[in-house]
>>> print(open('coords-v5.cif').read())   # mmCIF, C-alpha atoms
data_target
loop_
_atom_site.label_atom_id
_atom_site.label_comp_id
_atom_site.auth_asym_id
_atom_site.auth_seq_id
_atom_site.Cartn_x
_atom_site.Cartn_y
_atom_site.Cartn_z
CA MET A 96 413.24 23.36 114.55
CA ASN A 97 412.64 27.04 115.31
CA GLN A 98 415.07 29.92 114.76
CA VAL A 99 416.17 30.16 118.38
CA GLU A 100 417.10 26.46 118.39
CA ARG A 101 419.03 26.86 115.14
CA LEU A 102 420.96 29.85 116.47
CA THR A 103 421.76 28.09 119.74
CA TRP A 104 423.08 25.07 117.85
CA LEU A 105 425.09 27.32 115.51
CA GLU A 106 426.69 29.18 118.42
CA GLN A 107 427.57 25.90 120.11
CA VAL A 108 429.30 24.56 116.99
CA MET A 109 431.54 27.64 116.82
CA LEU A 110 432.21 27.55 120.56
CA ASP A 111 433.05 23.83 120.47
CA PHE A 112 435.51 24.36 117.62
CA TYR A 113 437.49 26.92 119.62
CA SER A 114 437.25 25.12 122.97
CA GLU A 115 438.77 21.85 121.71
CA ARG A 116 442.33 23.14 121.89
CA SER A 117 444.04 26.40 122.76
CA VAL A 118 447.47 27.26 121.41
CA ALA A 119 447.02 30.96 122.10
CA PRO A 120 444.21 31.72 124.60
CA ARG A 121 444.34 35.47 123.89
CA LEU A 122 443.66 34.78 120.21
CA VAL A 123 440.66 32.60 121.05
CA GLU A 124 439.36 35.31 123.41
CA THR A 125 439.64 37.87 120.61
CA ILE A 126 437.91 35.58 118.11
CA LEU A 127 435.03 34.73 120.44
CA TYR A 128 434.52 38.40 121.33
CA SER A 129 433.40 39.02 117.76
CA VAL A 130 431.81 35.62 117.12
CA GLN A 131 429.58 35.99 120.19
CA ALA A 132 428.69 39.65 119.57
CA GLY A 133 425.36 38.68 118.06
CA GLY A 134 424.21 39.97 114.70
CA LYS A 135 421.47 38.81 112.36
CA ARG A 136 423.23 35.55 111.32
CA LEU A 137 421.48 36.05 107.98
CA ARG A 138 423.83 33.93 105.89
CA PRO A 139 423.80 30.76 108.00
CA LEU A 140 420.06 31.06 108.64
CA LEU A 141 419.39 31.32 104.92
CA PHE A 142 421.49 28.22 104.33
CA LEU A 143 419.69 26.20 107.00
CA GLU A 144 416.25 27.36 105.87
CA LEU A 145 417.12 26.40 102.29
CA LEU A 146 418.09 22.89 103.35
CA GLU A 147 414.84 22.47 105.23
CA GLY A 148 412.97 23.94 102.27
CA PHE A 149 414.34 21.05 100.22
CA GLY A 150 413.03 18.62 102.85
CA LEU A 151 416.29 17.81 104.65
CA SER A 152 416.52 17.36 108.42
CA LEU A 153 419.38 19.42 109.81
CA THR A 154 422.51 17.63 110.99
CA GLN A 155 425.74 18.55 112.77
CA ALA A 156 427.49 18.63 109.38
CA HIS A 157 425.02 21.19 108.08
CA MET A 158 425.61 23.32 111.16
CA GLN A 159 429.37 23.14 110.62
CA VAL A 160 428.98 24.50 107.08
CA ALA A 161 426.66 27.22 108.38
CA ALA A 162 429.16 28.09 111.12
CA ALA A 163 432.02 28.26 108.61
CA LEU A 164 430.06 30.79 106.57
CA GLU A 165 429.35 32.93 109.64
CA MET A 166 433.00 32.74 110.70
CA ILE A 167 434.16 34.15 107.35
CA HIS A 168 431.56 36.91 107.57
CA THR A 169 432.65 37.79 111.12
CA GLY A 170 436.32 37.81 110.09
CA SER A 171 435.47 40.20 107.27
CA LEU A 172 433.76 42.57 109.72
CA ILE A 173 436.80 42.59 112.00
CA HIS A 174 439.06 43.55 109.09
CA ASP A 175 436.52 45.97 107.62
CA ASP A 176 436.51 47.99 110.85
CA LEU A 177 440.30 48.44 110.95
CA PRO A 178 441.71 52.00 110.63
CA VAL A 179 443.26 51.18 107.24
CA MET A 180 439.85 50.03 105.95
CA ASP A 181 436.52 51.60 107.01
CA ASP A 182 437.88 52.69 110.41
CA ASP A 183 434.97 52.21 112.80
CA ASP A 184 435.02 52.09 116.59
CA TYR A 185 431.74 50.18 116.98
CA ARG A 186 430.22 47.02 115.56
CA ARG A 187 427.01 45.33 116.69
CA GLY A 188 426.63 47.97 119.37
CA ARG A 189 429.99 47.57 121.11
CA LEU A 190 433.66 48.34 120.61
CA THR A 191 435.20 46.84 117.50
CA SER A 192 437.84 44.16 117.86
CA HIS A 193 440.82 46.44 117.25
CA LYS A 194 439.56 48.97 119.82
CA LYS A 195 439.17 46.20 122.41
CA PHE A 196 442.24 44.07 121.72
CA GLY A 197 444.53 46.14 119.50
CA GLU A 198 445.05 46.13 115.74
CA ASP A 199 447.53 43.26 115.79
CA MET A 200 445.16 40.85 117.54
CA ALA A 201 442.21 42.00 115.42
CA ILE A 202 444.11 41.26 112.21
CA LEU A 203 445.12 37.82 113.46
CA ALA A 204 441.61 37.03 114.72
CA GLY A 205 440.24 37.86 111.27
CA ASP A 206 442.92 35.71 109.64
CA SER A 207 442.04 32.80 111.91
CA LEU A 208 438.33 33.04 111.19
CA PHE A 209 438.99 33.00 107.44
CA LEU A 210 441.22 29.93 107.64
CA ASP A 211 439.44 27.99 110.39
CA SER A 212 436.23 27.99 108.37
CA TYR A 213 437.72 25.63 105.79
CA ALA A 214 438.81 23.19 108.50
CA LEU A 215 435.27 23.18 109.84
CA VAL A 216 433.82 22.27 106.43
CA ALA A 217 436.55 19.69 105.83
CA MET A 218 435.84 17.87 109.10
CA SER A 219 432.07 17.72 108.51
CA GLU A 220 430.55 14.29 107.92
CA LEU A 221 429.50 14.93 104.33
CA PRO A 222 430.57 13.00 101.21
CA SER A 223 434.12 13.93 100.21
CA GLN A 224 433.12 15.34 96.81
CA VAL A 225 430.47 17.51 98.45
CA ARG A 226 433.05 18.88 100.89
CA VAL A 227 435.46 19.66 98.04
CA GLU A 228 432.74 21.54 96.15
CA LEU A 229 431.64 23.44 99.26
CA ILE A 230 435.21 24.51 100.03
CA ALA A 231 435.88 25.54 96.42
CA GLU A 232 432.70 27.62 96.28
CA LEU A 233 433.44 29.20 99.65
CA SER A 234 436.91 30.21 98.49
CA GLN A 235 435.50 31.73 95.29
CA ALA A 236 432.88 33.64 97.29
CA ALA A 237 435.24 34.93 99.96
CA GLY A 238 438.63 35.43 98.32
CA THR A 239 440.24 37.22 95.39
CA PHE A 240 437.31 36.55 93.07
CA GLY A 241 434.64 37.42 95.62
CA MET A 242 434.47 39.41 98.84
CA VAL A 243 438.15 40.42 99.10
CA GLY A 244 438.31 41.45 95.46
CA GLY A 245 435.12 43.45 95.95
CA GLN A 246 436.59 45.21 98.98
CA VAL A 247 439.49 46.37 96.80
CA LEU A 248 437.05 47.69 94.19
CA ASP A 249 435.15 49.46 96.98
CA MET A 250 438.29 51.20 98.28
CA GLN A 251 439.34 52.20 94.77
CA GLY A 252 435.89 53.70 94.24
CA GLU A 253 436.19 56.15 97.15
CA LYS A 254 436.03 59.82 96.16
CA ARG A 255 435.00 58.74 92.63
CA SER A 256 431.63 58.92 90.93
CA LEU A 257 430.96 55.35 89.86
CA THR A 258 428.35 54.45 87.30
CA LEU A 259 425.49 52.18 88.31
CA ALA A 260 427.15 49.28 86.48
CA GLU A 261 430.45 49.89 88.29
CA LEU A 262 428.68 50.13 91.65
CA GLN A 263 426.82 46.89 90.97
CA ASP A 264 430.12 45.19 90.11
CA VAL A 265 431.68 46.32 93.40
CA HIS A 266 428.83 44.94 95.46
CA ALA A 267 428.30 41.81 93.40
CA HIS A 268 431.71 40.79 94.71
CA LYS A 269 432.02 42.54 98.08
CA THR A 270 428.58 41.51 99.37
CA GLY A 271 426.81 39.44 96.76
CA LYS A 272 429.07 36.42 96.43
CA LEU A 273 428.99 35.53 100.12
CA LEU A 274 425.22 36.04 100.25
CA ALA A 275 424.80 33.80 97.21
CA TYR A 276 426.85 31.06 98.88
CA PRO A 277 424.01 29.74 101.11
CA PHE A 278 421.93 29.12 98.00
CA VAL A 279 424.74 27.44 96.05
CA ALA A 280 425.89 25.39 99.06
CA ALA A 281 422.37 24.14 99.72
CA GLY A 282 422.11 23.08 96.09
CA ILE A 283 425.40 21.17 96.37
CA ILE A 284 424.34 19.32 99.51
CA VAL A 285 420.88 18.50 98.19
CA GLY A 286 422.35 17.42 94.86
CA VAL A 287 420.07 19.51 92.65
CA GLU A 288 420.41 19.49 88.88
CA GLU A 289 422.76 22.05 87.33
CA HIS A 290 419.99 24.29 85.97
CA HIS A 291 418.42 24.44 89.45
CA LYS A 292 421.84 25.28 90.90
CA ALA A 293 422.06 28.17 88.41
CA VAL A 294 418.63 29.42 89.53
CA LEU A 295 419.72 29.23 93.16
CA ARG A 296 422.89 31.19 92.42
CA GLU A 297 420.93 33.89 90.58
CA ILE A 298 418.45 34.22 93.46
CA GLY A 299 421.33 34.57 95.90
CA GLU A 300 423.05 37.20 93.76
CA TRP A 301 419.88 39.29 93.58
CA LEU A 302 419.54 39.00 97.34
CA GLY A 303 423.15 40.11 97.79
CA LEU A 304 422.48 43.18 95.68
CA ALA A 305 419.31 43.93 97.63
CA PHE A 306 421.14 43.62 100.93
CA GLN A 307 423.80 46.14 99.87
CA VAL A 308 421.24 48.65 98.55
CA ARG A 309 419.39 48.34 101.86
CA ASP A 310 422.63 48.81 103.81
CA ASP A 311 423.44 51.97 101.82
CA ILE A 312 419.98 53.39 102.51
CA LEU A 313 420.15 52.62 106.24
CA ASP A 314 423.61 54.23 106.45
CA VAL A 315 422.00 57.60 105.73
CA THR A 316 418.61 57.09 107.40
CA ALA A 317 419.16 54.97 110.54
CA SER A 318 420.63 55.82 113.94
CA PHE A 319 423.56 54.27 115.80
CA GLU A 320 421.11 52.38 118.00
CA GLU A 321 419.42 50.86 114.95
CA LEU A 322 422.64 50.02 113.12
CA GLY A 323 424.92 49.07 116.00
CA LYS A 324 427.70 50.95 114.19
CA THR A 325 428.53 54.51 113.20
CA PRO A 326 425.98 55.87 110.68
CA LYS A 327 426.80 58.04 107.64
CA LYS A 328 430.25 56.47 107.29
CA ASP A 329 429.87 56.18 103.52
CA LEU A 330 428.97 59.86 103.27
CA VAL A 331 432.07 60.89 105.22
CA ALA A 332 434.29 58.63 103.09
CA ALA A 333 432.75 60.06 99.91
CA LYS A 334 431.85 56.58 98.69
CA SER A 335 429.60 55.92 95.74
CA THR A 336 426.37 54.49 97.13
CA TYR A 337 422.92 53.81 95.72
CA PRO A 338 421.31 56.80 97.52
CA ALA A 339 424.16 59.06 96.37
CA LEU A 340 423.86 57.84 92.79
CA LEU A 341 420.10 57.45 92.45
CA GLY A 342 418.67 59.60 95.24
CA LEU A 343 416.96 58.16 98.30
CA GLN A 344 413.56 57.66 96.68
CA GLU A 345 414.95 55.93 93.59
CA ALA A 346 417.32 53.83 95.71
CA THR A 347 414.33 52.65 97.75
CA ALA A 348 412.48 51.74 94.56
CA TYR A 349 415.60 49.92 93.35
CA LEU A 350 415.67 47.93 96.59
CA GLU A 351 412.05 46.91 96.08
CA MET A 352 412.85 45.80 92.53
CA THR A 353 415.76 43.61 93.64
CA LEU A 354 413.71 41.98 96.39
CA ASP A 355 410.92 41.35 93.90
CA LYS A 356 413.47 39.57 91.70
CA VAL A 357 414.35 37.31 94.64
CA VAL A 358 410.69 36.53 95.33
CA SER A 359 409.98 35.72 91.68
CA GLY A 360 413.07 33.51 91.55
CA LEU A 361 411.87 31.58 94.59
CA ALA A 362 408.46 31.12 92.98
CA ALA A 363 410.10 29.78 89.82
CA LEU A 364 412.17 27.33 91.86
CA GLU A 365 409.06 26.13 93.68
CA ALA A 366 407.34 25.54 90.33
CA GLN A 367 410.30 23.54 88.99
CA SER A 368 411.09 21.39 92.04
CA SER A 369 409.88 20.14 95.41
CA PHE A 370 411.38 23.18 97.14
CA GLN A 371 409.19 25.01 99.68
CA ALA A 372 410.10 28.71 99.87
CA ASP A 373 407.78 29.97 102.63
CA LYS A 374 410.48 30.46 105.30
CA ILE A 375 412.98 31.99 102.88
CA ARG A 376 410.27 34.29 101.57
CA GLU A 377 409.64 35.50 105.13
CA ILE A 378 413.32 36.41 105.52
CA VAL A 379 413.31 38.24 102.20
CA GLU A 380 410.14 40.19 102.98
CA GLY A 381 411.70 41.19 106.30
CA LEU A 382 414.42 43.04 104.36
CA ARG A 383 411.93 45.50 102.92
CA LEU A 384 412.19 48.87 104.63
CA ASP A 385 408.59 48.55 105.76
CA GLY A 386 408.98 44.82 106.48
#
>>> encode(input="coords-v5.cif", output="structure tokens")
Amino acid sequence: MNQVERLTWLEQVMLDFYSERSVAPRLVETILYSVQAGGKRLRPLLFLELLEGFGLSLTQAHMQVAAALEMIHTGSLIHDDLPVMDDDDYRRGRLTSHKKFGEDMAILAGDSLFLDSYALVAMSELPSQVRVELIAELSQAAGTFGMVGGQVLDMQGEKRSLTLAELQDVHAHKTGKLLAYPFVAAGIIVGVEEHHKAVLREIGEWLGLAFQVRDDILDVTASFEELGKTPKKDLVAAKSTYPALLGLQEATAYLEMTLDKVVSGLAALEAQSSFQADKIREIVEGLRLDG
């Protein structure tokens, strides 16, 4: 199955979930505005590629887990753009949810996407213990001990000079946990041994760090057209970023180092198991600034 087919199936799963019933049509309209705005779909694609790398044929249940992950990510973007957070008028090249529908509907759409994701995993035709583990891991990645906790650390770090260790801690939670989830979730579904699950988690955490370093660099080097959102937002907010802390050249070298860690982790996993990392490696290499 190629990437276009995967994305089409993923979109249909999310659309089907919200078309089954409609208590509040305006809420569904607001949700779908952001869900259907495009984006890289990096997290669900990683998850699906990982499953195929372990030799599984993709099923509707796998797509539901992938969709749940994308729904949480989309909900986080809606909330992140709010005036009380990062305050941006554009996301993925068009007006943010709160600029289109109002802050009240944007908040509720984000809330729905966070909560609906767990229902989607729970209704998937996977073994009950697998579903429990997937939901528990998703909560850890997205909630107080993951993305939301990291967002708080990020806000508290504004107008402060964080150390590299502090900055890494912010992004390990804000970005890293949700990017590690595809790796952990794939391991759960495949039923890999615990030491392989630990390797998968470590690979995902390195990738999460790499993604944030790359995002920080692009914030100061890319245009609105390239980003689909307002550039130099971190500079205006006086946030601690990798370019601000290390300088642009050193931040770029740091990005290369983190991506190299991901690649070496994938190679180690291939050597220890039947996993085939070619497709994942392509995604990772595409994150290099010259990729």
>>> atom_distance(input="coords-v5.cif", atom1="CA of Gly205 in chain A", atom2="CA of Leu164 in chain A")
13.3 Å
>>> resolve_selection(input="coords-v5.cif", expression="the PyMOL selection byres ((chain A and resi 226) around 12)", output="number ranges by chain")
A: 156-157, 159-160, 213-225, 227-233, 280-281, 283-284
>>> residues_around(input="coords-v5.cif", residues="Met166 in chain A", least_positions_apart="6", cutoff="10 Å", atoms="only C-alpha atoms", output="JSON, numbers by chain")
{"A": [109, 126, 129, 130, 139, 160, 172, 205, 207, 208, 209, 210, 211, 212, 213, 215]}
>>> atom_distance(input="coords-v5.cif", atom1="CA of Met250 in chain A", atom2="CA of Met180 in chain A")
7.9 Å
>>> closest_residue(input="coords-v5.cif", among="A:Val247, A:Leu273, A:Ile167, A:Leu341", to="Leu304 in chain A", atoms="only C-alpha atoms")
A:Leu273
>>> atom_distance(input="coords-v5.cif", atom1="CA of Glu351 in chain A", atom2="CA of Gly282 in chain A")
25.9 Å
>>> closest_residue(input="coords-v5.cif", among="A:Thr125, A:Leu146, A:Gln344, A:Ala275", to="Lys195 in chain A", atoms="only C-alpha atoms")
A:Thr125
>>> closest_residue(input="coords-v5.cif", among="A:Val287, A:Leu137, A:Ala363, A:Met96", to="Val379 in chain A", atoms="only C-alpha atoms")
A:Leu137
>>> residues_around(input="coords-v5.cif", residues="Ala204 in chain A", least_positions_apart="4", cutoff="10 Å", atoms="all atoms listed in the file", output="PyMOL selection string")
chain A and resi 121-129+169-170+173-174+192-193+196+198-200+208-209
>>> write_last_selection(input="coords-v5.cif", atoms="C-alpha atoms", output="PDB file, in the coordinates of the input")
ATOM      1  CA  ARG A 121     444.340  35.470 123.890  1.00  0.00           C
ATOM      2  CA  LEU A 122     443.660  34.780 120.210  1.00  0.00           C
ATOM      3  CA  VAL A 123     440.660  32.600 121.050  1.00  0.00           C
ATOM      4  CA  GLU A 124     439.360  35.310 123.410  1.00  0.00           C
ATOM      5  CA  THR A 125     439.640  37.870 120.610  1.00  0.00           C
ATOM      6  CA  ILE A 126     437.910  35.580 118.110  1.00  0.00           C
ATOM      7  CA  LEU A 127     435.030  34.730 120.440  1.00  0.00           C
ATOM      8  CA  TYR A 128     434.520  38.400 121.330  1.00  0.00           C
ATOM      9  CA  SER A 129     433.400  39.020 117.760  1.00  0.00           C
ATOM     10  CA  THR A 169     432.650  37.790 111.120  1.00  0.00           C
ATOM     11  CA  GLY A 170     436.320  37.810 110.090  1.00  0.00           C
ATOM     12  CA  ILE A 173     436.800  42.590 112.000  1.00  0.00           C
ATOM     13  CA  HIS A 174     439.060  43.550 109.090  1.00  0.00           C
ATOM     14  CA  SER A 192     437.840  44.160 117.860  1.00  0.00           C
ATOM     15  CA  HIS A 193     440.820  46.440 117.250  1.00  0.00           C
ATOM     16  CA  PHE A 196     442.240  44.070 121.720  1.00  0.00           C
ATOM     17  CA  GLU A 198     445.050  46.130 115.740  1.00  0.00           C
ATOM     18  CA  ASP A 199     447.530  43.260 115.790  1.00  0.00           C
ATOM     19  CA  MET A 200     445.160  40.850 117.540  1.00  0.00           C
ATOM     20  CA  LEU A 208     438.330  33.040 111.190  1.00  0.00           C
ATOM     21  CA  PHE A 209     438.990  33.000 107.440  1.00  0.00           C
TER      22      PHE A 209
END
>>> residues_around(input="coords-v5.cif", residues="Gly244 in chain A", least_positions_apart="4", cutoff="8 Å", atoms="all atoms listed in the file", output="ChimeraX atom specification")
/A:238-240,248,268-269
>>> resolve_selection(input="coords-v5.cif", expression="the PyMOL selection byres ((chain A and resi 261-266) around 8)", output="list in words")
Gly245, Gln246, Leu248, Asp249, Leu257, Thr258, Leu259, Ala260, Ala267, His268, Lys269, Thr270, Gly271, Gly303, Leu304, Gln307, Ser335, Thr336 and Tyr337 of chain A
>>> residues_around(input="coords-v5.cif", residues="Gly381 in chain A", least_positions_apart="4", cutoff="12 Å", atoms="all atoms listed in the file", output="ChimeraX atom specification")
/A:135,137,305-306,309,351,354,358,374-377,385-386
>>> resolve_selection(input="coords-v5.cif", expression="the PyMOL selection byres ((chain A and resi 134) around 12)", output="MDAnalysis selection string")
chainID A and resid 102 106 129:133 135:140 165 168:169 172 186:189 321:324
>>> closest_residue(input="coords-v5.cif", among="A:Glu115, A:Glu297, A:Asp355, A:Asp314", to="Pro277 in chain A", atoms="only C-alpha atoms")
A:Glu297
>>> closest_residue(input="coords-v5.cif", among="A:Ala236, A:Ile202, A:Ala366, A:Val179", to="Glu300 in chain A", atoms="all atoms listed in the file")
A:Ala236
>>> closest_residue(input="coords-v5.cif", among="A:Leu274, A:Arg101, A:Ser256, A:Phe319", to="Gly241 in chain A", atoms="only C-alpha atoms")
A:Leu274
>>> build_atoms(input="coords-v5.cif", residues="range 191-219 of chain A", atoms="N, CA and C atoms", output="short mmCIF file (atom, residue, chain, number, x, y, z; two decimals), in the coordinates of the input")
data_model
loop_
_atom_site.label_atom_id
_atom_site.label_comp_id
_atom_site.auth_asym_id
_atom_site.auth_seq_id
_atom_site.Cartn_x
_atom_site.Cartn_y
_atom_site.Cartn_z
N THR A 191 434.67 47.76 118.50
CA THR A 191 435.20 46.84 117.50
C THR A 191 436.41 46.10 118.05
N SER A 192 436.77 45.04 117.37
CA SER A 192 437.84 44.16 117.86
C SER A 192 439.16 44.91 118.07
N HIS A 193 439.53 45.76 117.13
CA HIS A 193 440.82 46.44 117.25
C HIS A 193 440.82 47.48 118.37
N LYS A 194 439.64 48.03 118.70
CA LYS A 194 439.56 48.97 119.82
C LYS A 194 439.62 48.23 121.15
N LYS A 195 439.18 47.00 121.18
CA LYS A 195 439.17 46.20 122.41
C LYS A 195 440.50 45.48 122.64
N PHE A 196 441.07 44.93 121.57
CA PHE A 196 442.24 44.07 121.72
C PHE A 196 443.50 44.57 121.03
N GLY A 197 443.39 45.63 120.25
CA GLY A 197 444.53 46.14 119.50
C GLY A 197 444.48 45.67 118.05
N GLU A 198 445.11 46.44 117.17
CA GLU A 198 445.05 46.13 115.74
C GLU A 198 445.72 44.80 115.42
N ASP A 199 446.82 44.50 116.10
CA ASP A 199 447.53 43.26 115.79
C ASP A 199 446.66 42.04 116.06
N MET A 200 446.00 42.00 117.21
CA MET A 200 445.16 40.85 117.54
C MET A 200 443.92 40.81 116.65
N ALA A 201 443.39 41.96 116.29
CA ALA A 201 442.21 42.00 115.42
C ALA A 201 442.54 41.41 114.04
N ILE A 202 443.69 41.79 113.51
CA ILE A 202 444.11 41.26 112.21
C ILE A 202 444.25 39.74 112.28
N LEU A 203 444.88 39.26 113.32
CA LEU A 203 445.12 37.82 113.46
C LEU A 203 443.81 37.07 113.72
N ALA A 204 442.91 37.67 114.48
CA ALA A 204 441.61 37.03 114.72
C ALA A 204 440.84 36.88 113.40
N GLY A 205 440.88 37.94 112.58
CA GLY A 205 440.24 37.86 111.27
C GLY A 205 440.87 36.80 110.40
N ASP A 206 442.21 36.75 110.40
CA ASP A 206 442.92 35.71 109.64
C ASP A 206 442.49 34.32 110.08
N SER A 207 442.42 34.11 111.38
CA SER A 207 442.04 32.80 111.91
C SER A 207 440.63 32.41 111.47
N LEU A 208 439.70 33.34 111.56
CA LEU A 208 438.33 33.04 111.19
C LEU A 208 438.22 32.68 109.70
N PHE A 209 438.99 33.35 108.86
CA PHE A 209 438.99 33.00 107.44
C PHE A 209 439.49 31.58 107.22
N LEU A 210 440.58 31.23 107.89
CA LEU A 210 441.22 29.93 107.64
C LEU A 210 440.53 28.78 108.37
N ASP A 211 440.09 29.04 109.59
CA ASP A 211 439.44 27.99 110.39
C ASP A 211 438.15 27.50 109.74
N SER A 212 437.50 28.37 108.99
CA SER A 212 436.23 27.99 108.37
C SER A 212 436.39 26.80 107.44
N TYR A 213 437.51 26.73 106.72
CA TYR A 213 437.72 25.63 105.79
C TYR A 213 437.96 24.31 106.53
N ALA A 214 438.62 24.39 107.67
CA ALA A 214 438.81 23.19 108.50
C ALA A 214 437.47 22.67 108.98
N LEU A 215 436.58 23.58 109.33
CA LEU A 215 435.27 23.18 109.84
C LEU A 215 434.46 22.45 108.76
N VAL A 216 434.51 22.96 107.53
CA VAL A 216 433.82 22.27 106.43
C VAL A 216 434.49 20.93 106.15
N ALA A 217 435.81 20.92 106.15
CA ALA A 217 436.55 19.69 105.83
C ALA A 217 436.29 18.57 106.82
N MET A 218 436.05 18.91 108.08
CA MET A 218 435.84 17.87 109.10
C MET A 218 434.38 17.44 109.21
N SER A 219 433.49 18.08 108.45
CA SER A 219 432.07 17.72 108.51
C SER A 219 431.84 16.34 107.89
#
